[in-house]
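**Student:** So here's input39.cif, just mmCIF, C-alpha atoms:
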data_structure
#
loop_
_atom_site.label_atom_id
_atom_site.label_comp_id
_atom_site.auth_asym_id
_atom_site.auth_seq_id
_atom_site.Cartn_x
_atom_site.Cartn_y
_atom_site.Cartn_z
CA MET T 1 -20.24 -1.74 -13.52
CA GLY T 2 -18.87 -5.27 -13.54
CA LYS T 3 -19.61 -7.78 -10.83
CA ARG T 4 -17.20 -7.57 -7.91
CA ILE T 5 -14.94 -10.53 -7.17
CA GLU T 6 -15.67 -11.17 -3.52
CA TYR T 7 -12.46 -12.98 -2.62
CA ILE T 8 -10.42 -10.14 -4.14
CA ASP T 9 -12.35 -7.68 -1.98
CA ALA T 10 -11.70 -9.95 1.00
CA ALA T 11 -7.97 -9.95 0.21
CA LYS T 12 -7.91 -6.15 0.15
CA GLY T 13 -9.88 -5.85 3.38
CA LEU T 14 -7.71 -8.33 5.26
CA ALA T 15 -4.56 -6.74 3.84
CA MET T 16 -5.71 -3.43 5.32
CA ILE T 17 -6.02 -5.12 8.70
CA LEU T 18 -2.44 -6.34 8.19
CA VAL T 19 -1.41 -2.72 7.53
CA VAL T 20 -2.83 -1.80 10.94
CA ILE T 21 -1.11 -4.78 12.60
CA GLY T 22 2.14 -3.82 10.87
CA HIS T 23 2.11 -0.50 12.71
CA CYS T 24 1.71 -2.15 16.11
CA HIS T 25 4.88 -2.09 18.18
CA TRP T 26 4.47 -5.56 19.72
CA LYS T 27 3.63 -7.59 16.64
CA GLY T 28 6.94 -9.52 16.80
CA HIS T 29 9.85 -9.70 14.39
CA LEU T 30 8.71 -12.76 12.39
CA ALA T 31 5.12 -11.56 12.14
CA GLY T 32 6.37 -8.18 10.93
CA SER T 33 8.60 -9.80 8.30
CA LEU T 34 5.73 -11.94 7.03
CA ILE T 35 3.33 -9.00 6.83
CA TYR T 36 5.80 -6.64 5.19
CA SER T 37 6.86 -9.31 2.72
CA PHE T 38 3.63 -9.02 0.71
CA HIS T 39 0.86 -6.77 2.04
CA MET T 40 1.71 -3.65 0.02
CA PRO T 41 2.75 -5.62 -3.12
CA LEU T 42 -0.70 -7.24 -2.94
CA PHE T 43 -2.39 -3.85 -3.41
CA PHE T 44 -0.19 -2.97 -6.38
CA ILE T 45 -0.73 -6.41 -7.96
CA ILE T 46 -4.50 -6.14 -7.59
CA SER T 47 -4.37 -2.65 -9.12
CA GLY T 48 -2.51 -4.09 -12.11
CA PHE T 49 -4.99 -6.97 -12.31
CA PHE T 50 -7.91 -4.55 -12.76
CA LEU T 51 -6.04 -1.95 -14.83
CA LYS T 52 -8.10 -0.76 -17.79
CA GLN T 53 -6.76 -0.11 -21.26
CA LEU T 54 -6.79 3.70 -21.46
CA THR T 55 -4.91 6.37 -23.32
CA LEU T 56 -2.14 8.06 -21.35
CA ARG T 57 -4.18 11.27 -21.02
CA LYS T 58 -7.25 9.47 -19.67
CA SER T 59 -5.04 7.41 -17.36
CA VAL T 60 -3.45 10.55 -15.88
CA VAL T 61 -6.84 12.19 -15.31
CA ARG T 62 -8.33 9.03 -13.81
CA CYS T 63 -5.35 8.48 -11.49
CA ALA T 64 -5.32 12.12 -10.40
CA VAL T 65 -8.98 11.88 -9.38
CA ASN T 66 -8.70 8.44 -7.77
CA TYR T 67 -5.35 8.82 -5.98
CA LEU T 68 -4.04 12.38 -5.84
CA ARG T 69 -7.30 13.96 -4.72
CA PRO T 70 -7.75 11.61 -1.71
CA TYR T 71 -4.07 12.15 -0.88
CA LEU T 72 -4.47 15.94 -0.81
CA ILE T 73 -7.74 15.83 1.14
CA THR T 74 -6.26 13.52 3.77
CA CYS T 75 -3.09 15.63 4.00
CA CYS T 76 -5.28 18.67 4.76
CA ILE T 77 -6.99 16.72 7.56
CA LEU T 78 -3.61 15.62 8.94
CA LEU T 79 -2.30 19.18 8.71
CA ALA T 80 -5.27 20.45 10.73
CA ILE T 81 -4.63 17.80 13.41
CA SER T 82 -0.93 18.66 13.53
CA LEU T 83 -1.55 22.39 13.88
CA VAL T 84 -4.07 21.84 16.69
CA ALA T 85 -1.58 19.62 18.50
CA THR T 86 1.15 22.20 17.96
CA SER T 87 -1.01 24.95 19.44
CA ILE T 88 -1.82 22.84 22.50
CA LYS T 89 1.85 22.00 23.06
CA GLY T 90 2.93 25.61 22.52
CA ALA T 91 5.41 24.64 19.80
CA ASP T 92 6.48 26.72 16.80
CA PHE T 93 3.38 26.97 14.59
CA LEU T 94 5.12 28.05 11.37
CA GLU T 95 7.92 25.51 11.73
CA ASP T 96 5.41 22.69 12.14
CA LEU T 97 3.41 23.96 9.16
CA TRP T 98 6.54 23.99 6.98
CA LYS T 99 7.55 20.48 8.05
CA CYS T 100 4.07 19.12 7.30
CA VAL T 101 3.96 20.73 3.85
CA LYS T 102 7.47 19.52 3.06
CA THR T 103 6.67 15.97 4.21
CA ALA T 104 3.48 15.93 2.13
CA PHE T 105 5.48 17.13 -0.90
CA TYR T 106 8.05 14.37 -0.49
CA GLY T 107 5.37 11.77 0.27
CA GLY T 108 7.34 10.42 3.21
CA LYS T 109 10.34 11.17 5.37
CA CYS T 110 12.37 14.15 4.30
CA PRO T 111 15.50 15.88 5.65
CA GLY T 112 14.80 17.66 8.93
CA CYS T 113 11.27 16.27 9.30
CA LYS T 114 10.33 13.81 12.01
CA GLY T 115 7.06 12.13 12.92
CA HIS T 116 4.49 10.04 11.10
CA PHE T 117 2.67 12.67 9.05
CA ILE T 118 2.29 10.59 5.87
CA GLY T 119 2.67 6.96 6.94
CA PRO T 120 1.00 4.56 4.47
CA MET T 121 -0.36 7.50 2.45
CA TRP T 122 2.75 7.26 0.27
CA PHE T 123 0.98 4.37 -1.44
CA LEU T 124 -1.40 6.74 -3.25
CA LEU T 125 1.47 8.72 -4.75
CA GLY T 126 3.34 5.54 -5.63
CA LEU T 127 0.24 4.04 -7.25
CA PHE T 128 -0.32 7.22 -9.27
CA TRP T 129 3.14 7.06 -10.84
CA ALA T 130 3.11 3.28 -11.24
CA VAL T 131 -0.23 3.15 -13.05
CA ILE T 132 0.38 6.00 -15.48
CA THR T 133 3.90 4.73 -16.23
CA TYR T 134 2.70 1.22 -16.96
CA SER T 135 -0.22 2.57 -19.01
CA PHE T 136 2.32 4.41 -21.14
CA LEU T 137 4.45 1.28 -21.55
CA ARG T 138 1.47 -0.92 -22.35
CA ASN T 139 0.23 1.50 -25.02
CA ARG T 140 3.64 1.92 -26.64
CA MET T 141 5.33 -1.48 -26.61
CA ARG T 142 4.77 -5.21 -26.44
CA GLU T 143 6.48 -7.96 -24.51
CA PRO T 144 9.36 -8.65 -24.01
CA TYR T 145 10.39 -5.00 -24.49
CA ARG T 146 7.84 -3.91 -21.91
CA ALA T 147 9.28 -6.37 -19.39
CA VAL T 148 12.80 -5.04 -19.98
CA CYS T 149 11.63 -1.47 -19.34
CA VAL T 150 9.82 -2.51 -16.17
CA TRP T 151 12.93 -4.13 -14.69
CA VAL T 152 15.16 -1.24 -15.78
CA LEU T 153 12.81 1.16 -13.98
CA LEU T 154 12.90 -1.03 -10.86
CA PHE T 155 16.68 -1.13 -10.54
CA ALA T 156 17.08 2.51 -11.55
CA ALA T 157 14.68 3.50 -8.76
CA ILE T 158 16.41 1.27 -6.20
CA LEU T 159 19.88 2.59 -7.02
CA SER T 160 18.91 6.26 -7.36
CA TYR T 161 16.99 6.24 -4.05
CA LYS T 162 20.22 5.38 -2.25
CA VAL T 163 21.79 8.56 -3.66
CA TRP T 164 18.97 11.11 -3.77
CA GLN T 165 15.32 10.90 -2.75
CA LEU T 166 13.03 12.55 -5.30
CA PRO T 167 9.78 14.21 -4.16
CA LEU T 168 6.22 12.88 -4.55
CA CYS T 169 7.38 9.27 -4.11
CA LEU T 170 8.50 9.23 -7.73
CA GLN T 171 11.10 6.51 -7.22
CA SER T 172 8.71 4.40 -5.14
CA GLY T 173 6.19 4.58 -7.97
CA MET T 174 8.78 3.74 -10.63
CA ALA T 175 9.86 0.66 -8.69
CA ALA T 176 6.27 -0.45 -8.08
CA VAL T 177 5.61 -0.60 -11.83
CA VAL T 178 6.94 -4.16 -11.62
CA TYR T 179 3.94 -5.17 -9.50
CA ILE T 180 1.44 -3.43 -11.82
CA TRP T 181 3.04 -5.40 -14.66
CA ILE T 182 2.82 -8.66 -12.70
CA GLY T 183 -0.85 -8.00 -11.90
CA ASP T 184 -1.52 -7.42 -15.60
CA LEU T 185 0.25 -10.69 -16.46
CA ILE T 186 -1.79 -12.57 -13.86
CA ARG T 187 -5.02 -11.34 -15.47
CA THR T 188 -3.84 -11.81 -19.06
CA HIS T 189 -2.66 -15.40 -18.54
CA ASP T 190 -5.43 -16.33 -16.06
CA LEU T 191 -2.82 -17.22 -13.44
CA LEU T 192 -5.22 -17.00 -10.49
CA ARG T 193 -7.22 -19.90 -11.88
CA LYS T 194 -4.12 -21.87 -12.88
CA PHE T 195 -2.57 -21.36 -9.45
CA GLY T 196 -5.77 -22.56 -7.79
CA GLU T 197 -5.66 -25.75 -9.85
CA LEU T 198 -2.18 -26.70 -8.63
CA LYS T 199 -1.82 -29.80 -6.49
CA PRO T 200 -1.66 -29.13 -2.73
CA VAL T 201 1.92 -30.38 -2.54
CA TYR T 202 3.05 -27.59 -4.88
CA LYS T 203 1.20 -25.00 -2.83
CA VAL T 204 2.91 -26.27 0.31
CA CYS T 205 6.29 -25.88 -1.42
CA PHE T 206 5.38 -22.33 -2.39
CA LEU T 207 4.29 -21.65 1.17
CA LEU T 208 7.63 -22.89 2.53
CA PHE T 209 9.49 -20.76 -0.01
CA TRP T 210 7.60 -17.67 1.16
CA LEU T 211 8.16 -18.42 4.86
CA LEU T 212 11.88 -19.05 4.37
CA SER T 213 12.26 -15.93 2.23
CA ALA T 214 10.56 -13.79 4.89
CA HIS T 215 12.78 -15.32 7.56
CA PHE T 216 16.10 -14.90 5.75
CA PHE T 217 15.48 -11.81 3.61
CA GLY T 218 13.32 -9.95 6.12
CA ALA T 219 10.69 -7.31 5.47
CA MET T 220 10.23 -5.16 2.38
CA ASP T 221 9.83 -1.40 2.49
CA LEU T 222 8.41 -0.30 -0.84
CA ALA T 223 8.24 3.34 0.26
CA LYS T 224 12.06 3.34 0.56
CA CYS T 225 12.57 1.17 -2.55
CA ASN T 226 13.83 -1.67 -0.35
CA TYR T 227 13.33 -4.68 -2.64
CA GLY T 228 16.56 -6.47 -1.81
CA TYR T 229 17.68 -5.83 -5.40
CA GLY T 230 14.59 -7.68 -6.61
CA LEU T 231 15.25 -10.87 -4.64
CA ARG T 232 12.15 -10.45 -2.48
CA ILE T 233 9.76 -9.95 -5.40
CA PRO T 234 9.13 -13.66 -6.24
CA ALA T 235 8.28 -14.39 -2.60
CA SER T 236 5.87 -11.43 -2.43
CA VAL T 237 4.08 -12.58 -5.61
CA ILE T 238 3.81 -16.14 -4.32
CA ALA T 239 2.50 -14.92 -0.97
CA THR T 240 -0.11 -12.79 -2.76
CA LEU T 241 -1.28 -15.74 -4.87
CA LEU T 242 -1.44 -18.01 -1.81
CA PHE T 243 -3.35 -15.39 0.17
CA ILE T 244 -5.94 -14.79 -2.56
CA ASP T 245 -6.29 -18.50 -3.34
CA ALA T 246 -6.91 -19.35 0.33
CA LEU T 247 -9.68 -16.75 0.52
CA ARG T 248 -11.18 -18.03 -2.73
CA MET T 249 -11.29 -21.62 -1.47
CA ALA T 250 -12.79 -20.46 1.85
CA HIS T 251 -15.45 -18.42 0.00
CA VAL T 252 -14.64 -15.36 2.12
CA LYS T 253 -16.51 -12.20 1.17
CA GLY T 254 -15.01 -8.74 1.39
CA GLY T 255 -18.02 -6.76 2.60
CA TRP T 256 -17.64 -3.07 3.42
CA LEU T 257 -13.98 -3.45 4.44
CA GLY T 258 -13.03 -4.87 1.07
CA ARG T 259 -14.96 -2.29 -0.92
CA GLN T 260 -13.72 0.76 0.98
CA THR T 261 -9.99 0.13 1.31
CA LEU T 262 -9.20 3.67 0.12
CA TYR T 263 -11.16 5.13 3.03
CA LEU T 264 -9.57 2.58 5.38
CA LEU T 265 -6.06 3.52 4.26
CA CYS T 266 -6.66 7.25 4.75
CA GLY T 267 -8.72 6.68 7.89
CA HIS T 268 -5.94 4.58 9.39
CA GLN T 269 -3.41 7.35 8.92
CA VAL T 270 -5.79 9.91 10.43
CA GLY T 271 -6.42 7.70 13.48
CA TYR T 272 -2.77 6.70 13.83
CA PHE T 273 -1.66 10.32 13.55
CA LEU T 274 -4.15 11.39 16.22
CA ILE T 275 -2.76 8.81 18.64
CA CYS T 276 0.85 9.80 17.89
CA GLN T 277 0.22 13.55 18.11
CA PHE T 278 -1.61 13.47 21.41
CA HIS T 279 0.74 10.92 23.03
CA LEU T 280 -1.80 8.47 24.37
CA GLY T 281 1.07 6.42 25.79
CA LEU T 282 0.24 3.13 24.08
CA ARG T 283 3.90 2.20 23.76
CA ASP T 284 4.62 2.76 27.42
CA LEU T 285 2.13 0.23 28.73
CA PRO T 286 3.62 -1.98 31.48
CA TYR T 287 1.72 -5.12 30.48
CA LEU T 288 2.63 -8.44 28.91
CA PRO T 289 3.59 -8.32 25.20
CA VAL T 290 0.43 -10.11 24.01
CA LEU T 291 -1.81 -7.85 26.08
CA ASN T 292 0.14 -4.81 24.89
CA PHE T 293 -0.43 -5.86 21.29
CA LEU T 294 -4.16 -6.38 21.82
CA ILE T 295 -4.53 -2.94 23.43
CA GLU T 296 -2.54 -1.18 20.72
CA PHE T 297 -4.24 -3.04 17.89
CA GLY T 298 -7.64 -2.31 19.40
CA ALA T 299 -6.82 1.40 19.62
CA PHE T 300 -5.44 1.59 16.08
CA MET T 301 -8.24 -0.48 14.56
CA SER T 302 -11.05 1.38 16.29
CA THR T 303 -9.69 4.80 15.27
CA THR T 304 -9.14 3.50 11.73
CA LEU T 305 -12.72 2.30 11.41
CA LEU T 306 -14.15 5.43 12.99
CA ALA T 307 -12.17 7.83 10.80
CA ALA T 308 -12.81 5.76 7.65
CA PHE T 309 -16.54 5.55 8.36
CA VAL T 310 -16.84 9.31 8.94
CA MET T 311 -14.89 10.09 5.76
CA TRP T 312 -17.01 7.58 3.83
CA LYS T 313 -20.29 8.99 5.13
CA LEU T 314 -19.14 12.47 4.13
CA SER T 315 -18.23 11.07 0.67
CA LEU T 316 -14.96 12.99 0.79
CA PHE T 317 -13.39 11.08 -2.10
CA GLU T 318 -16.43 10.70 -4.32
CA LYS T 319 -16.63 12.47 -7.67
CA ARG T 320 -18.71 15.63 -7.57
CA ARG T 321 -21.10 16.50 -10.39
#
Kindly present the structure from the file in structure tokens form.

**Tutor:**
Amino acid sequence: MGKRIEYIDAAKGLAMILVVIGHCHWKGHLAGSLIYSFHMPLFFIISGFFLKQLTLRKSVVRCAVNYLRPYLITCCILLAISLVATSIKGADFLEDLWKCVKTAFYGGKCPGCKGHFIGPMWFLLGLFWAVITYSFLRNRMREPYRAVCVWVLLFAAILSYKVWQLPLCLQSGMAAVVYIWIGDLIRTHDLLRKFGELKPVYKVCFLLFWLLSAHFFGAMDLAKCNYGYGLRIPASVIATLLFIDALRMAHVKGGWLGRQTLYLLCGHQVGYFLICQFHLGLRDLPYLPVLNFLIEFGAFMSTTLLAAFVMWKLSLFEKRR
């Protein structure tokens, strides 16, 4: 196993904290736009950065084990929570079961289904499709033909999502191929090092570009293929490079949070779903906005860490011999 890059682990760990903050009601409009302008693209870009050269068959098997299996396991946990909550509330058991199964099949919101059953879990389905699609393209064609296919997939996914949402986050994965490709380009051309060697004045200009883009273009929603027809992509890539470069210069280490982001992602949805299902009333608190945010973030973060730690200790996602 190769040596881990600590500042990359730190970027993943802090991005997961941003995922939790992004689900807090009182985070503020500008803060939400900044977070949603790059935090999920960062995960796709890093996945492309570390993507191995594999045959399509091996890529499918590897992605199924790494992404689909954790998705299914976590969905089973969420389903159990939902059915317990349904029984306590005296609601229709079979109707709730059907809605949960349908939502899991779609990988997100579907007609007639409300609630937050999947949440950020869509990322695992999207990453599955994005990685195997790009692996196919990388094995079959060279640049610039590969780049043309990547952008065609992006706009086809954006346009088709507006007409008809396909199941299993297929369109979200097709669109996200662009970030896997960008991550691969960053590694191939050593762009992390070259970006770090830029003069501070250029980095400040990039920072201003990102801030202005987040302010005027708003947040991205990769699950719904909301890329602003591709206009938000340059800002998200710049924000990712700035974020990683800042952590590299500060010599920040990722620790357990950076190494276990898969458990954190699934653990966050389990904790978030528990709070939503049992109506703990976090969004009805009569306090000041800042205090409200601190209470909600504390609740979400503590349940995320607890659920992730339990799942990690049980080795739910580890390969069995």

**Student:** Show me the residues around (-3.7, 3.2, 10.5) - criterion: an atom at most 9 Å away, all atoms listed in the file counted - as a list in words.

**Tutor:**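 With a cut-off of 9 Å, the residues come to Met16, Ile17, Val19, Val20, Ile21, His23, Gly119, Pro120, Leu264, Leu265, Cys266, Gly267, His268, Gln269, Val270, Gly271, Tyr272, Phe273, Phe300, Met301, Thr303 and Thr304 of chain T.
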
**Student:** Can you write out the residues you just picked, keeping C-alpha atoms, as a JSON list (two decimals), keeping the file's coordinate frame?

**Tutor:**
[["chain", "number", "residue", "atom", "x", "y", "z"],
["T", 16, "MET", "CA", -5.71, -3.43, 5.32],
["T", 17, "ILE", "CA", -6.02, -5.12, 8.70],
["T", 19, "VAL", "CA", -1.41, -2.72, 7.53],
["T", 20, "VAL", "CA", -2.83, -1.80, 10.94],
["T", 21, "ILE", "CA", -1.11, -4.78, 12.60],
["T", 23, "HIS", "CA", 2.11, -0.50, 12.71],
["T", 119, "GLY", "CA", 2.67, 6.96, 6.94],
["T", 120, "PRO", "CA", 1.00, 4.56, 4.47],
["T", 264, "LEU", "CA", -9.57, 2.58, 5.38],
["T", 265, "LEU", "CA", -6.06, 3.52, 4.26],
["T", 266, "CYS", "CA", -6.66, 7.25, 4.75],
["T", 267, "GLY", "CA", -8.72, 6.68, 7.89],
["T", 268, "HIS", "CA", -5.94, 4.58, 9.39],
["T", 269, "GLN", "CA", -3.41, 7.35, 8.92],
["T", 270, "VAL", "CA", -5.79, 9.91, 10.43],
["T", 271, "GLY", "CA", -6.42, 7.70, 13.48],
["T", 272, "TYR", "CA", -2.77, 6.70, 13.83],
["T", 273, "PHE", "CA", -1.66, 10.32, 13.55],
["T", 300, "PHE", "CA", -5.44, 1.59, 16.08],
["T", 301, "MET", "CA", -8.24, -0.48, 14.56],
["T", 303, "THR", "CA", -9.69, 4.80, 15.27],
["T", 304, "THR", "CA", -9.14, 3.50, 11.73]]

**Student:** Pick the closest to Leu314 (chain T) from T:Leu208, T:Val61, T:Phe123, T:Tyr263: which is it, counting only C-alpha atoms?

**Tutor:**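 That would be T:Tyr263, the residue with the smallest distance to Leu314 (chain T).
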
**Student:** For this structure, which residues satisfy the selection - the PyMOL selection byres ((chain T and resi 41) around 9) - when it is evaluated on the file as given? I want them as JSON, numbers by chain.

**Tutor:** {"T": [36, 37, 38, 39, 40, 42, 43, 44, 45, 46, 176, 179, 222, 233, 236, 237, 240]}

**Student:** Can you list what the PyMOL selection byres ((chain T and resi 225) around 12) grabs from this structure, as a VMD selection string?

**Tutor:** chain T and resid 41 122 126 153 to 166 169 to 178 219 to 224 226 to 230 232 to 233

**Student:** Please measure the separation of CA of Arg193 (chain T) and CA of Ile5 (chain T), giving the value in Å to one decimal.

**Tutor:**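 Separation of CA of Arg193 (chain T) and CA of Ile5 (chain T): 13.0 Å.
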
**Student:** One decimal, in Å: what's the spacing between CA of Phe49 (chain T) and CA of Leu192 (chain T)?

**Tutor:**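 Those two atoms sit 10.2 Å apart.
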